[in-house]
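This report refers to the structure that appears directly beneath it.
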Amino acid sequence: MKITFVGRLRHAEDVKDSYVEETEVSTCETRADPTFLLQKPVSRAKLGTRADSLQGKKQKKQSSGLFFRDGKKRIDYILVYKKSSPQVEKRCTFEKNLRAEGLMLEKEPSLTNNDIMFVKVHATWDTLCKYAEQMNIRMPFRKKCYFTDWKSKTLGSRFHLRCQQIKSWLPRNPMKLDKEALPDLEETDCYTAPFSRARMHHFTINNRETFFSNSTRSRIVHHVLQRTKYEDGKSKMGINRLLGNNTYEAAFPPHEGGYKSRHPIKTHGAQNHRHLLYERWARWGIWYKYQPLDLIRRYFGEKIGLYFAWLGWYTGMLIPAALVGVFVFLYGLFTMDSSQVSKEICEDNTTIMCPMCEETCKPWTLSDSCVFAKVTRLFDNGGTVFFAIFMAIWATVFLEFWKRRRAELTYDWDLIDWEEEEEELRPQFEAKYSRVERVNPISGKPEPFQPFSDKLSRLMVSVSGIFFMISLVLTAVFAVVVFRLIAMEKFASFNWDFIQKNWQFATSGTGVCINFMIIMSLNVVYEKVAYLLTNLEHPRTESEWENSFALKMFLFQFVNLNSSTFYIAFFLGRFAGRPGSYNKLFNRWRLEECHPSGCLIDLCLQMGVIMFFKQIWNNFMELGYPLLQNWWSRRKMKKGGSGGQNVENKTQLPQWDKDWNLQPMNAHGLVDEYLEMVLQFGFTTIFVAAFPLAPLLALLNNIIEIRLDAYKFVTQWRRPMPARATDIGIWHGILEGIGVLAVITNAFVIAITSDYIPRFVYAFKYGPCVDKGPHHADECLQGYMNSSLSVFDMWELKNSSQFRYCRYRDYRAPPWSLAPYEFTLQFWHVLAARLAFIIVFEHLVFGIKSFIAYLIPDIPKDLCDRMRREKYLMQEMMYEAELEHLQKERKKNGRRFHHEWP
C-alpha cells in the first residue's frame, strides 16, 4: 500500500509538471504575446500565495528565488531574453528540445525591466543521472580509509600520541580558519568513481536533493544547453550560438542566495555557501587567513579554484623573497654613508666634471651628485649578486613546488583520472568551414575542417600583426628617448637651482611618468588587436582560442611594459661617446650619459614607478568599475528607469533579478586575472637585481589582490559556470620561460648596468690591496672614482671656460698621452671580466636550477603511495559492494546465498 501511495503521488507530480510544460509550449505558440506573458505569472502567483499561507517553509523557499513556484524544484540555470527579440522561433524550438532532453522550464518576468523575461531551468533526477553517466562525473560511494591510518600504526601508538600531545601544546596557527566555521564537505572524505546508473547501489545516496551539488547540477545543465539544437542542421545547436545571435541575452547559474545576513555568522551560522564565502574569504578583516579552497572549488568549480590556489601559493612564496629583498635594501641603507665610493664622491670638491649638454650647461663638481651616489648605494651593493642568484633559484623552487601542490589538489578534487572531454567546435569555426569536412579520429563523426594552407596563411597574417604592434611599442620607446634628450638639456639649464642640481632625477621622473601613460594607453589598443587577430585565425575550440588570445596578450603587454626598462638597463649611456666626439641623435640632441656612480638608479626608478602605479591602477579598475556599474544598475532599479516597478529594497527582488543586475564575468575568462599576475612575476624576477623591493611590493599587492578578486567573484559578478581543469594551462609554460629569461637578464644587469664588476676589477687588479692579502672591501676601493674617470682638455673645443681639464666617466687615455682618448688596458680588463661573469653566472644558476628541478619530484612519494593503495582499496570495495548487493537480492527473493562470488 505504501508503495502504491508513493507511486500515485509521483504520478500526480508528473501530471502537474507536464501541465506546466504544456502551458509553456502554448506560450511559444502565441509568438510571445506580451499581454499573455505578463498575465500568466500573476495568476500563478495568486495561486502560489494561497498555497504558501498553508506552508511556511514553502513560502521561505519561494521567496528566496532559488526554486520554482512549487517551492520544490531547484533552479539550476537561468536564461534571459528580451520579449522584443525577433528570434522567437529559434527560442521556442530550443526550449522545446530542452524539455525533450528532460529539463523543466518555468518563465518569470523581470520586476525591474518590462522587456526582460527569465527562463528558470531545472534538471530532474533522471536527467542528472543520465548525463552524469555520459560525462563520467565521479561521485562518492564509500568513506575513505586513509593511507596514514595504517602507516601510523607501524610507527607505534605511543609515539603517535606523544606527537599529538606536543602539537597540542604549540600555539594555534592564526592563519588557519576555524574548522567550526567551514562545513564538512562530504565528497572530500569519500572515495569516488564514475557514476553509473547500473551500479547506483554502490554510491552513497542519502538524499537525492543533495547528492549532486549545485555546481555539478549547473555543469550538467550547461552541458545539455551546449548540445541542444535550435534548428535543423549540423551546426545549429548550443547556447553559445544563441547568445551570439541575440536570441538570449544571458545564461548563468544562480547564486545560492544573498551574501549578507542580519544575524552574525558565529551565532546563527551561514545562510548558504555564498554567505559563508563572503564571511570567511571575501571580507577584508580576514586578509591574513588561508583561503577555503575546497569551498571555492565547490561553489565556483575547479578552474577558478585552481586560479586562487595558484595565486595563494605565489603570494605565500613571495614572503621569503620579500624578506631577503628587504635585508639587501637595509644593508645598502646602513652602509650608504660608509661606502667608499659615496665618500669619495661627496668629499671631492675639486674634481671638475664635463658639462652634461652642449650649449647652456656648465662644468660642475663631483660632490654635487652626492645624493645621487648615496641613493645608488641602496640598490647597487654587495648583496645584489646574491639576491639575483637567490631569486633565480626561488623561481625554480616556486614552480617545482607548485607542481607538487597542484598534484595534491587534483588528488583531493578527484581530477587525477579526469580527462578533458572532447570540446565542441566554436560556432565561428563551424560557420566558416562547414563545407569542408573530415572524420574526427576521436568521435568518428564528420566535422568541419580547416585546410592547412588556409591555417598557415591566417597564422602568417596574425604573426605580421604581432610584429607590427611590437614595432609600434618600439616607436613609443624611441619617442620617450627623444623626450628624455630634450628634457635633459632643459632641466640642466633650468633657472631654478634645485632642478638644475637634480636634473637627472627630473629627467628620469618625467620620462617614467610619460612612459607609464603610454603603456596604459597602448594596453587598451592591444586587447582589441589581440581579439581581432585571434578571431582571424579561427581557432577550432574555445580552449585553443583562449590559449592563442592569452599568448598574444602576454607578448603585447610584456613588450609594452618592459621595452623601456630594457633600454635603460642595456642601452642608456652605452653609446654616448666622449667629450669632443659625442654621438648625437639626428645631429641635434646628444645621447644621454650615465651618472658617475652608474645607471642602475635610473633602472630602479623606472621599475619602482611603473610597478607601483600599475598595481594601484589595476586594483582600482578591478573593483571600482564593477562597483560603479552595479551602483548605476541599482539606481535605475529604484527609479524604474527600464519600465519596471520601483524597487526601494533590494531584498524584495528574487535571486534571478538580483543576479541579472550584476556584472557578467569577463568575456576572456581568467585570462586577465592570470595576465596581471604573470606580468608581475616577470617584473619581480627579470630585473630584481636592480630593484630588491620588487618582491615586497608584489607581496603587498597580492594580499590585496586575493581579497579584491574574492569580493568581486562573490558580490559583484554573476556566478560563472563551474568549469573543470587540472592545471593553469598555458601560463605554466610562460612562467617557466620568464624564469629562464630572468637568469639571463639579471646576469647582464649585474655585469653591464651595475658597477659591481668595475669595482671588483679595481679592487683586485688596480687598487691599493693588490698583493697585500685580504683586506676590508672599502679599503681596497680607495681611489676608485679617480680611476674610473678620464680627463678631457676643454681648450680643444676653443671654449672660454676658466677650467682647462674636466673629467668624464670612461676608461680612456689622457690628452697628453701618446694615444690620446684611446681605451686603456683597464677598459679591456673590465670588459673581459663582464663577459666572464655573464658566462659563469648563467651556467652556475642554470646548473643549480636544473639540479633543484631534478631533486624535487612533481608528485610527492607519499601521495603516489596513497593513490596506489586507494586504487587497490577501491577495487576491493567495488567487489564487496557488488557481492553485498547480490546477497541482499537473494535474501529478498528467498534464495540461499553464499559469502563467495556467485
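Order determines the names: the first chain of the C-alpha cells is A, the second B, and so forth; residues in each chain are numbered 1 upward, and ligands are numbered 1 upward as they are shown.
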What lies within 9 Å of A:Met721 using only C-alpha atoms, ignoring chain neighbours under 2 positions off, as a PyMOL selection string?
chain A and resi 215+218-219+222+252-253+300-301+719+723
Please identify all polymer residues within 8 Å of A:Val688, counting only C-alpha atoms, omitting same-chain residues fewer than 2 positions from it, and present them as number ranges by chain.
A: 387-388, 391, 683-686, 690-692, 694, 746
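We find atom CA of A:Leu276 and atom CA of A:Leu628 to be spaced 24.8 Å apart.
Summary of the local environment: counting only C-alpha atoms, residues at most 12 Å from A:Ser261, other than itself and those fewer than 2 positions away along its chain, are Gly257, Gly258, Tyr259, His263, Pro264, Ile265, Lys266, Thr267, His268, Gly269, Ala270, Gln271, Asn272, Arg274, His275, Leu276, Tyr278, Glu279 and Thr651 of chain A.
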Write a file of the selected residues as a PDB file, in the first residue's frame, keeping N, CA and C atoms.
```pdb
ATOM      1  N   GLY A 257      21.677  32.527  -3.106  1.00  0.00           N
ATOM      2  CA  GLY A 257      21.084  33.477  -2.166  1.00  0.00           C
ATOM      3  C   GLY A 257      21.987  34.667  -1.922  1.00  0.00           C
ATOM      4  N   GLY A 258      21.660  35.450  -0.899  1.00  0.00           N
ATOM      5  CA  GLY A 258      22.416  36.648  -0.574  1.00  0.00           C
ATOM      6  C   GLY A 258      23.718  36.329   0.133  1.00  0.00           C
ATOM      7  N   TYR A 259      24.623  37.321   0.135  1.00  0.00           N
ATOM      8  CA  TYR A 259      25.923  37.134   0.771  1.00  0.00           C
ATOM      9  C   TYR A 259      26.017  37.853   2.118  1.00  0.00           C
ATOM     10  N   HIS A 263      21.975  38.507  10.951  1.00  0.00           N
ATOM     11  CA  HIS A 263      22.441  37.828  12.147  1.00  0.00           C
ATOM     12  C   HIS A 263      23.912  37.461  11.989  1.00  0.00           C
ATOM     13  N   PRO A 264      24.696  37.525  13.057  1.00  0.00           N
ATOM     14  CA  PRO A 264      26.120  37.152  12.968  1.00  0.00           C
ATOM     15  C   PRO A 264      26.284  35.678  12.643  1.00  0.00           C
ATOM     16  N   ILE A 265      27.303  35.384  11.884  1.00  0.00           N
ATOM     17  CA  ILE A 265      27.513  34.010  11.418  1.00  0.00           C
ATOM     18  C   ILE A 265      27.960  33.103  12.558  1.00  0.00           C
ATOM     19  N   LYS A 266      28.604  33.659  13.584  1.00  0.00           N
ATOM     20  CA  LYS A 266      29.082  32.823  14.686  1.00  0.00           C
ATOM     21  C   LYS A 266      27.939  32.227  15.497  1.00  0.00           C
ATOM     22  N   THR A 267      26.847  32.977  15.632  1.00  0.00           N
ATOM     23  CA  THR A 267      25.734  32.504  16.465  1.00  0.00           C
ATOM     24  C   THR A 267      24.645  31.814  15.653  1.00  0.00           C
ATOM     25  N   HIS A 268      24.384  32.292  14.444  1.00  0.00           N
ATOM     26  CA  HIS A 268      23.281  31.757  13.646  1.00  0.00           C
ATOM     27  C   HIS A 268      23.744  30.891  12.467  1.00  0.00           C
ATOM     28  N   GLY A 269      25.048  30.861  12.220  1.00  0.00           N
ATOM     29  CA  GLY A 269      25.548  30.064  11.108  1.00  0.00           C
ATOM     30  C   GLY A 269      25.369  30.757   9.775  1.00  0.00           C
ATOM     31  N   ALA A 270      25.865  30.093   8.726  1.00  0.00           N
ATOM     32  CA  ALA A 270      25.801  30.663   7.382  1.00  0.00           C
ATOM     33  C   ALA A 270      24.475  30.313   6.723  1.00  0.00           C
ATOM     34  N   GLN A 271      23.923  31.274   5.980  1.00  0.00           N
ATOM     35  CA  GLN A 271      22.675  31.027   5.263  1.00  0.00           C
ATOM     36  C   GLN A 271      22.892  30.103   4.071  1.00  0.00           C
ATOM     37  N   ASN A 272      24.024  30.257   3.408  1.00  0.00           N
ATOM     38  CA  ASN A 272      24.341  29.465   2.223  1.00  0.00           C
ATOM     39  C   ASN A 272      25.846  29.540   2.012  1.00  0.00           C
ATOM     40  N   ARG A 274      27.421  30.976  -0.412  1.00  0.00           N
ATOM     41  CA  ARG A 274      27.837  32.318  -0.823  1.00  0.00           C
ATOM     42  C   ARG A 274      28.052  33.208   0.397  1.00  0.00           C
ATOM     43  N   HIS A 275      27.154  33.139   1.348  1.00  0.00           N
ATOM     44  CA  HIS A 275      27.312  33.897   2.587  1.00  0.00           C
ATOM     45  C   HIS A 275      28.564  33.452   3.331  1.00  0.00           C
ATOM     46  N   LEU A 276      28.809  32.144   3.350  1.00  0.00           N
ATOM     47  CA  LEU A 276      29.986  31.619   4.024  1.00  0.00           C
ATOM     48  C   LEU A 276      31.269  32.068   3.332  1.00  0.00           C
ATOM     49  N   TYR A 278      31.664  34.814   1.638  1.00  0.00           N
ATOM     50  CA  TYR A 278      31.852  36.236   1.929  1.00  0.00           C
ATOM     51  C   TYR A 278      32.448  36.433   3.322  1.00  0.00           C
ATOM     52  N   GLU A 279      31.924  35.715   4.320  1.00  0.00           N
ATOM     53  CA  GLU A 279      32.377  35.904   5.692  1.00  0.00           C
ATOM     54  C   GLU A 279      33.764  35.311   5.932  1.00  0.00           C
ATOM     55  N   THR A 651      16.197  43.569  -1.268  1.00  0.00           N
ATOM     56  CA  THR A 651      15.835  42.233  -0.787  1.00  0.00           C
ATOM     57  C   THR A 651      14.483  41.781  -1.310  1.00  0.00           C
TER      58      THR A 651
END
```
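Assigned to strand (DSSP E or B) in stretch 662-859 of chain A, given DSSP computed from backbone atoms, are Gln663, Trp717, Leu789, Ser790, Val791, Phe792, Asp793, Tyr805, Cys806, Arg807, Tyr808, Arg809, Arg812 and Phe823 of chain A.
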Since we have the selection now, will you write its residues out, keeping all heavy atoms, as a compact mmCIF listing (two decimals), in the first residue's frame?
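The new file selection07.txt reads:
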```txt
# COMPACT_ATOMS: atom_id res chain seq x y z
N GLN A 663 27.29 42.19 -12.77
CA GLN A 663 28.10 42.20 -13.98
C GLN A 663 28.49 40.78 -14.38
O GLN A 663 28.80 39.95 -13.52
CB GLN A 663 29.38 43.02 -13.77
CG GLN A 663 29.12 44.47 -13.47
CD GLN A 663 28.30 45.14 -14.56
OE1 GLN A 663 28.63 45.03 -15.72
NE2 GLN A 663 27.24 45.82 -14.17
N TRP A 717 29.99 39.97 -9.36
CA TRP A 717 29.84 39.25 -10.61
C TRP A 717 28.74 38.21 -10.50
O TRP A 717 28.46 37.69 -9.42
CB TRP A 717 31.14 38.55 -10.99
CG TRP A 717 32.14 39.44 -11.66
CD1 TRP A 717 31.99 40.77 -11.93
CD2 TRP A 717 33.43 39.07 -12.12
NE1 TRP A 717 33.12 41.25 -12.55
CE2 TRP A 717 34.01 40.23 -12.68
CE3 TRP A 717 34.16 37.89 -12.15
CZ2 TRP A 717 35.29 40.23 -13.25
CZ3 TRP A 717 35.41 37.88 -12.70
CH2 TRP A 717 35.97 39.04 -13.24
N LEU A 789 87.32 57.75 -13.84
CA LEU A 789 87.06 58.99 -14.57
C LEU A 789 88.25 59.32 -15.46
O LEU A 789 89.41 59.28 -15.02
CB LEU A 789 86.80 60.14 -13.59
CG LEU A 789 85.56 60.00 -12.69
CD1 LEU A 789 85.49 61.17 -11.72
CD2 LEU A 789 84.30 59.92 -13.52
N SER A 790 87.98 59.65 -16.70
CA SER A 790 89.02 60.05 -17.65
C SER A 790 89.10 61.57 -17.74
O SER A 790 88.23 62.29 -17.21
CB SER A 790 88.72 59.46 -19.03
OG SER A 790 88.67 58.05 -18.97
N VAL A 791 90.13 62.07 -18.42
CA VAL A 791 90.41 63.52 -18.48
C VAL A 791 90.18 64.01 -19.91
O VAL A 791 90.56 63.34 -20.88
CB VAL A 791 91.86 63.82 -18.04
CG1 VAL A 791 92.13 65.33 -18.08
CG2 VAL A 791 92.11 63.27 -16.65
N PHE A 792 89.61 65.21 -20.02
CA PHE A 792 89.39 65.84 -21.32
C PHE A 792 89.88 67.28 -21.26
O PHE A 792 89.67 67.99 -20.26
CB PHE A 792 87.91 65.82 -21.69
CG PHE A 792 87.61 66.55 -22.97
CD1 PHE A 792 88.04 66.04 -24.19
CD2 PHE A 792 86.91 67.75 -22.95
CE1 PHE A 792 87.76 66.73 -25.37
CE2 PHE A 792 86.63 68.43 -24.12
CZ PHE A 792 87.05 67.92 -25.34
N ASP A 793 90.52 67.70 -22.34
CA ASP A 793 91.03 69.07 -22.45
C ASP A 793 89.97 69.93 -23.12
O ASP A 793 89.73 69.82 -24.33
CB ASP A 793 92.33 69.07 -23.26
CG ASP A 793 93.00 70.44 -23.27
OD1 ASP A 793 92.44 71.37 -22.65
OD2 ASP A 793 94.06 70.57 -23.89
N TYR A 805 90.85 71.39 -17.82
CA TYR A 805 90.61 69.95 -17.81
C TYR A 805 89.33 69.64 -17.04
O TYR A 805 89.08 70.22 -15.98
CB TYR A 805 91.78 69.20 -17.18
CG TYR A 805 93.07 69.34 -17.96
CD1 TYR A 805 94.12 70.12 -17.46
CD2 TYR A 805 93.23 68.69 -19.17
CE1 TYR A 805 95.31 70.25 -18.16
CE2 TYR A 805 94.42 68.81 -19.88
CZ TYR A 805 95.44 69.60 -19.38
OH TYR A 805 96.61 69.73 -20.08
N CYS A 806 88.57 68.72 -17.57
CA CYS A 806 87.37 68.20 -16.89
C CYS A 806 87.40 66.68 -16.96
O CYS A 806 88.12 66.09 -17.77
CB CYS A 806 86.09 68.77 -17.52
SG CYS A 806 85.78 68.20 -19.22
N ARG A 807 86.60 66.07 -16.11
CA ARG A 807 86.57 64.61 -16.02
C ARG A 807 85.24 64.07 -16.54
O ARG A 807 84.20 64.74 -16.47
CB ARG A 807 86.76 64.17 -14.56
CG ARG A 807 87.95 64.79 -13.85
CD ARG A 807 89.27 64.33 -14.47
NE ARG A 807 89.50 62.92 -14.30
CZ ARG A 807 90.07 62.37 -13.22
NH1 ARG A 807 90.46 63.13 -12.22
NH2 ARG A 807 90.27 61.06 -13.16
N TYR A 808 85.26 62.86 -17.06
CA TYR A 808 84.05 62.19 -17.54
C TYR A 808 84.20 60.70 -17.28
O TYR A 808 85.30 60.18 -17.11
CB TYR A 808 83.82 62.47 -19.03
CG TYR A 808 84.90 61.97 -19.95
CD1 TYR A 808 84.79 60.76 -20.63
CD2 TYR A 808 86.07 62.72 -20.15
CE1 TYR A 808 85.79 60.30 -21.47
CE2 TYR A 808 87.08 62.28 -20.99
CZ TYR A 808 86.93 61.06 -21.63
OH TYR A 808 87.93 60.61 -22.46
N ARG A 809 83.07 60.00 -17.26
CA ARG A 809 83.03 58.58 -16.89
C ARG A 809 83.43 57.72 -18.08
O ARG A 809 82.66 57.55 -19.03
CB ARG A 809 81.64 58.21 -16.40
CG ARG A 809 81.45 56.73 -16.04
CD ARG A 809 80.01 56.46 -15.68
NE ARG A 809 79.74 55.05 -15.57
CZ ARG A 809 79.88 54.33 -14.46
NH1 ARG A 809 80.28 54.93 -13.36
NH2 ARG A 809 79.62 53.04 -14.45
N ARG A 812 89.62 55.97 -20.69
CA ARG A 812 90.36 56.46 -21.87
C ARG A 812 91.65 57.14 -21.43
O ARG A 812 91.76 57.65 -20.30
CB ARG A 812 89.50 57.42 -22.69
CG ARG A 812 88.28 56.77 -23.34
CD ARG A 812 87.48 57.77 -24.14
NE ARG A 812 86.29 57.18 -24.75
CZ ARG A 812 86.25 56.61 -25.95
NH1 ARG A 812 87.37 56.57 -26.69
NH2 ARG A 812 85.15 56.10 -26.42
N PHE A 823 91.10 53.70 -25.62
CA PHE A 823 90.74 52.87 -24.47
C PHE A 823 91.99 52.35 -23.78
O PHE A 823 92.96 51.93 -24.43
CB PHE A 823 89.87 51.70 -24.90
CG PHE A 823 88.47 52.08 -25.30
CD1 PHE A 823 88.01 51.87 -26.59
CD2 PHE A 823 87.61 52.68 -24.37
CE1 PHE A 823 86.73 52.23 -26.94
CE2 PHE A 823 86.33 53.04 -24.74
CZ PHE A 823 85.89 52.83 -26.02
```
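Nearest residue to A:Ile734, choosing from A:Phe212, A:Val524, A:Ala550, A:Asn701 and counting only C-alpha atoms: A:Ala550.
Excluding A:Ala487 itself and same-chain residues fewer than 3 positions from it, the residues having an atom within 9 Å of it are Val482, Phe483, Arg484, Lys490, Phe491, Ala492, Trp503, Ala506, Thr507, Thr510 and Gly511 of chain A, counting only C-alpha atoms.
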Mind writing the picked residues with N, CA, C and O atoms as a CSV table (one decimal), in the first residue's frame?
```csv
chain,number,residue,atom,x,y,z
A,482,VAL,N,63.7,60.3,-27.1
A,482,VAL,CA,63.8,61.7,-27.6
A,482,VAL,C,63.4,62.7,-26.6
A,482,VAL,O,64.0,63.7,-26.4
A,483,PHE,N,62.3,62.4,-25.9
A,483,PHE,CA,61.8,63.3,-24.9
A,483,PHE,C,62.9,63.5,-23.8
A,483,PHE,O,63.1,64.6,-23.3
A,484,ARG,N,63.5,62.4,-23.4
A,484,ARG,CA,64.5,62.4,-22.3
A,484,ARG,C,65.7,63.3,-22.7
A,484,ARG,O,66.2,64.0,-21.9
A,490,LYS,N,66.9,70.9,-21.1
A,490,LYS,CA,66.1,71.9,-20.5
A,490,LYS,C,66.3,71.9,-19.0
A,490,LYS,O,66.4,73.0,-18.3
A,491,PHE,N,66.3,70.8,-18.3
A,491,PHE,CA,66.4,70.7,-16.9
A,491,PHE,C,67.9,71.1,-16.4
A,491,PHE,O,68.0,71.7,-15.4
A,492,ALA,N,68.9,70.7,-17.3
A,492,ALA,CA,70.3,71.1,-16.9
A,492,ALA,C,70.5,72.6,-16.9
A,492,ALA,O,71.4,73.1,-16.3
A,503,TRP,N,68.9,67.5,-12.0
A,503,TRP,CA,68.3,67.4,-13.4
A,503,TRP,C,68.2,65.9,-13.7
A,503,TRP,O,67.3,65.5,-14.5
A,506,ALA,N,64.9,64.7,-12.3
A,506,ALA,CA,63.8,65.4,-13.0
A,506,ALA,C,63.6,64.7,-14.4
A,506,ALA,O,62.5,64.4,-14.8
A,507,THR,N,64.7,64.5,-15.1
A,507,THR,CA,64.6,63.8,-16.4
A,507,THR,C,64.1,62.4,-16.3
A,507,THR,O,63.2,62.0,-17.0
A,510,THR,N,60.2,62.5,-15.1
A,510,THR,CA,59.2,62.8,-16.1
A,510,THR,C,59.1,61.8,-17.2
A,510,THR,O,58.1,61.5,-17.7
A,511,GLY,N,60.3,61.3,-17.6
A,511,GLY,CA,60.3,60.2,-18.6
A,511,GLY,C,59.5,59.0,-18.2
A,511,GLY,O,58.8,58.4,-19.0
```
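Between atom CA of A:Gly577 and atom CA of A:Leu825 lies a distance of 18.2 Å.
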At a cut-off of 12 Å, using only C-alpha atoms, what residues contact A:Val529? Leave out same-chain residues fewer than 3 positions from it and give the result as a ChimeraX atom specification.
/A:462-470,522-526,532-536,549,552-553,556-557
